[in-house]
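Just below is one structure, and these are the notes that go with it.
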Amino acid sequence: MAAGSTNGSREPSKITVLISGTGTNLQALIDSRDTDALPNANIVRVISDRQKAYGLERAKKSDIPTTYHGILPYKKKYPDDSCDPQHEAARKAYDADLADLVLADTPSIVVCAGFMRILTTSFLEPVKAANIPIINLHPSLHGDLIGANCIQRAWDEFQAGKRTKTGVMVHYVIAEVDMGEAVVQQEVDMEGCGNLEELNERIHACEHGLIVEGTRRVLEEVSKAKG
Ligand code: GRF
């Protein structure tokens, strides 16, 4: 059966993927469509906040619609000043338009696969109101390392003799960064890791399985809820 086509009586689930980078996790989702790992699912759009993200090329090669949604026009429209040093106004306007963009495709799920922006309530609330779950891939176990550069931070702690394990999780996205309930998580053993590159490889190998598994589990929940 062709990738992305239906394999059952139900309409295929619709997945929107948000990315910022090379898109190896997006590729894992693309390759899993209509296998047992991710049955009866189509990726309806890939959205990137970076124009040159290689993940956009991966999507185009698989005939998946793409959109570049960059922050720059918003920062120009709402420049930061002493009252708004974090570009709050720009981020909110950006996220509100991102929500409109996503909702236009009426997806069953939004998957953040290496999307490097923190989503504000301007995105989370309208998507939640439409009953669309949002999940994120994070290279740490729940409640362990939070925020950016987790692989580097785990490596530094391993080298300092402070840890021998790290992990990967797929979790629901809430306003509190990396704190939404885990859908699925897996430990990654660091023993024998010779350098950061090796740890990166172990983490990425784990991520490529887990992002597919997490997406499948949540889509199953969505499907059960629809009855
Ligand atoms: C992954 O390691 C993810 O956990 C992190 O960004 C990376 C994205 O990789 N937040 P890719 O773009 O899917 O190759």
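Identifiers in the structure tokens: chain A, B, ... in order shown; residue index from 1 per chain; ligand index from 1 in order shown.
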Could you list, with a cut-off of 8 Å and counting only C-alpha atoms, the residues of segment 79-142 of chain A near segment 27-48 of chain A, each shown with its nearest atom pair and the distance in Å rounded to one decimal, rows sorted by chain and ascending number, as CSV?
residue,atom,partner,partner_atom,distance
A:Asp105,CA,A:Val44,CA,7.2
A:Pro107,CA,A:Val44,CA,7.4
A:Phe115,CA,A:Ser48,CA,7.6
query = Among segment 11-216 of chain A, which residues carry a DSSP assignment of strand (DSSP E), reported as number ranges by chain?
reply = A: 13-19, 41-48, 66-68, 109-112, 134-138, 165-172, 182-189
Could I get the residues of chain A with an atom no further than 7 Å from an atom of ligand 1, each paired with its nearest atom pair and that distance in Å to one decimal, using only C-alpha atoms and all ligand atoms, sorted by chain and residue number, as CSV?
residue,atom,partner,partner_atom_place_in_ligand_line,distance
A:Ile19,CA,ligand 1,12 (O),6.6
A:Ser20,CA,ligand 1,12 (O),6.4
A:Gly21,CA,ligand 1,12 (O),4.1
A:Thr22,CA,ligand 1,12 (O),3.9
A:Gly23,CA,ligand 1,12 (O),3.5
A:Thr24,CA,ligand 1,14 (O),3.6
A:Asn25,CA,ligand 1,13 (O),3.7
A:Leu26,CA,ligand 1,13 (O),5.8
A:Gly55,CA,ligand 1,12 (O),6.7
A:Ala113,CA,ligand 1,13 (O),5.5
A:Gly114,CA,ligand 1,8 (C),3.7
A:Phe115,CA,ligand 1,10 (N),6.6
A:Met116,CA,ligand 1,10 (N),6.5
A:Leu137,CA,ligand 1,4 (O),5.4
A:His138,CA,ligand 1,4 (O),4.6
A:Pro139,CA,ligand 1,4 (O),4.6
A:His204,CA,ligand 1,2 (O),6.0
A:Glu207,CA,ligand 1,4 (O),6.8
inquiry  = Counting only C-alpha atoms, which residue out of A:Gln86, A:Asn149, A:Asn131, A:Thr164 sits closest to Val222 of chain A?
reply    = A:Asn131
message = Report, in Å with one decimal, the straight-line distance from atom CA of Glu57 of chain A to atom CA of Val17 of chain A.
response =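 Separating atom CA of Glu57 of chain A from atom CA of Val17 of chain A is a distance of 13.6 Å.
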Spatial neighbours of Leu141 of chain A, 8 Å, only C-alpha atoms, chain gap at least 3 places, as an mmCIF file with N, CA, C and O atoms, in the first residue's frame:
data_model
loop_
_atom_site.group_PDB
_atom_site.id
_atom_site.type_symbol
_atom_site.label_atom_id
_atom_site.label_comp_id
_atom_site.auth_asym_id
_atom_site.auth_seq_id
_atom_site.Cartn_x
_atom_site.Cartn_y
_atom_site.Cartn_z
ATOM 1 N N HIS A 138 11.311 15.337 23.518
ATOM 2 C CA HIS A 138 12.288 16.014 24.372
ATOM 3 C C HIS A 138 13.396 15.038 24.778
ATOM 4 O O HIS A 138 13.091 13.936 25.258
ATOM 5 N N ASP A 144 13.522 15.625 34.510
ATOM 6 C CA ASP A 144 14.973 15.559 34.732
ATOM 7 C C ASP A 144 15.599 16.841 34.171
ATOM 8 O O ASP A 144 15.668 17.859 34.871
ATOM 9 N N LEU A 145 16.018 16.818 32.916
ATOM 10 C CA LEU A 145 16.613 18.025 32.322
ATOM 11 C C LEU A 145 15.522 18.760 31.554
ATOM 12 O O LEU A 145 14.782 18.160 30.779
ATOM 13 N N THR A 166 20.449 8.894 30.851
ATOM 14 C CA THR A 166 19.579 10.014 30.508
ATOM 15 C C THR A 166 18.360 9.398 29.823
ATOM 16 O O THR A 166 18.004 8.268 30.152
ATOM 17 N N GLY A 167 17.731 10.097 28.907
ATOM 18 C CA GLY A 167 16.564 9.486 28.282
ATOM 19 C C GLY A 167 15.907 10.392 27.263
ATOM 20 O O GLY A 167 16.426 11.460 26.927
ATOM 21 N N VAL A 168 14.771 9.910 26.794
ATOM 22 C CA VAL A 168 13.977 10.629 25.789
ATOM 23 C C VAL A 168 12.517 10.482 26.187
ATOM 24 O O VAL A 168 12.125 9.431 26.701
ATOM 25 N N MET A 169 11.753 11.526 25.975
ATOM 26 C CA MET A 169 10.301 11.373 26.183
ATOM 27 C C MET A 169 9.514 12.089 25.089
ATOM 28 O O MET A 169 9.999 13.039 24.464
ATOM 29 N N GLN A 185 8.197 7.297 27.465
ATOM 30 C CA GLN A 185 9.587 7.705 27.672
ATOM 31 C C GLN A 185 10.476 6.477 27.767
ATOM 32 O O GLN A 185 10.001 5.373 28.053
ATOM 33 N N GLN A 186 11.749 6.694 27.522
ATOM 34 C CA GLN A 186 12.697 5.569 27.503
ATOM 35 C C GLN A 186 14.056 6.032 28.016
ATOM 36 O O GLN A 186 14.531 7.098 27.612
ATOM 37 N N GLU A 187 14.634 5.232 28.886
ATOM 38 C CA GLU A 187 15.975 5.541 29.387
ATOM 39 C C GLU A 187 17.014 5.312 28.311
ATOM 40 O O GLU A 187 16.864 4.409 27.482
#
task = Please identify which residues in segment 18-133 of chain A DSSP calls helix (DSSP H, G or I) from the backbone, and express them as a count of residues only.
result = 48
Point-to-point distance in Å for atom CA of Tyr68 of chain A and atom CA of Tyr94 of chain A = 12.1 Å
request  = Just the residues within 10 Å of Ala130 of chain A, please, counting only C-alpha atoms, with nothing from its chain fewer than 6 positions along; format it as a list in words.
outcome  =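 Counting only C-alpha atoms, the residues come to Leu103, Thr106, Pro107 and Ser108 of chain A.
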Please write the residues from the selection above to a file, keeping C-alpha atoms, as a PDB file, in the first residue's frame.
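The file below, result_21.pdb, is the result:
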ATOM      1  CA  LEU A 103      -6.261  24.790  12.424  1.00  0.00           C
ATOM      2  CA  THR A 106      -8.095  20.398  10.812  1.00  0.00           C
ATOM      3  CA  PRO A 107      -5.394  17.968  11.969  1.00  0.00           C
ATOM      4  CA  SER A 108      -5.951  15.110  14.426  1.00  0.00           C
TER       5      SER A 108
END
key: Nearest candidate to Asn195 of chain A (options A:Leu98, A:Ile151, A:Ser13, A:Ala129; using only C-alpha atoms)   =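 Distance minimum relative to Asn195 of chain A lands on A:Ile151.
Reported to one decimal place, the separation of atom CA of Lys77 of chain A from atom CA of Ala89 of chain A is 9.2 Å.
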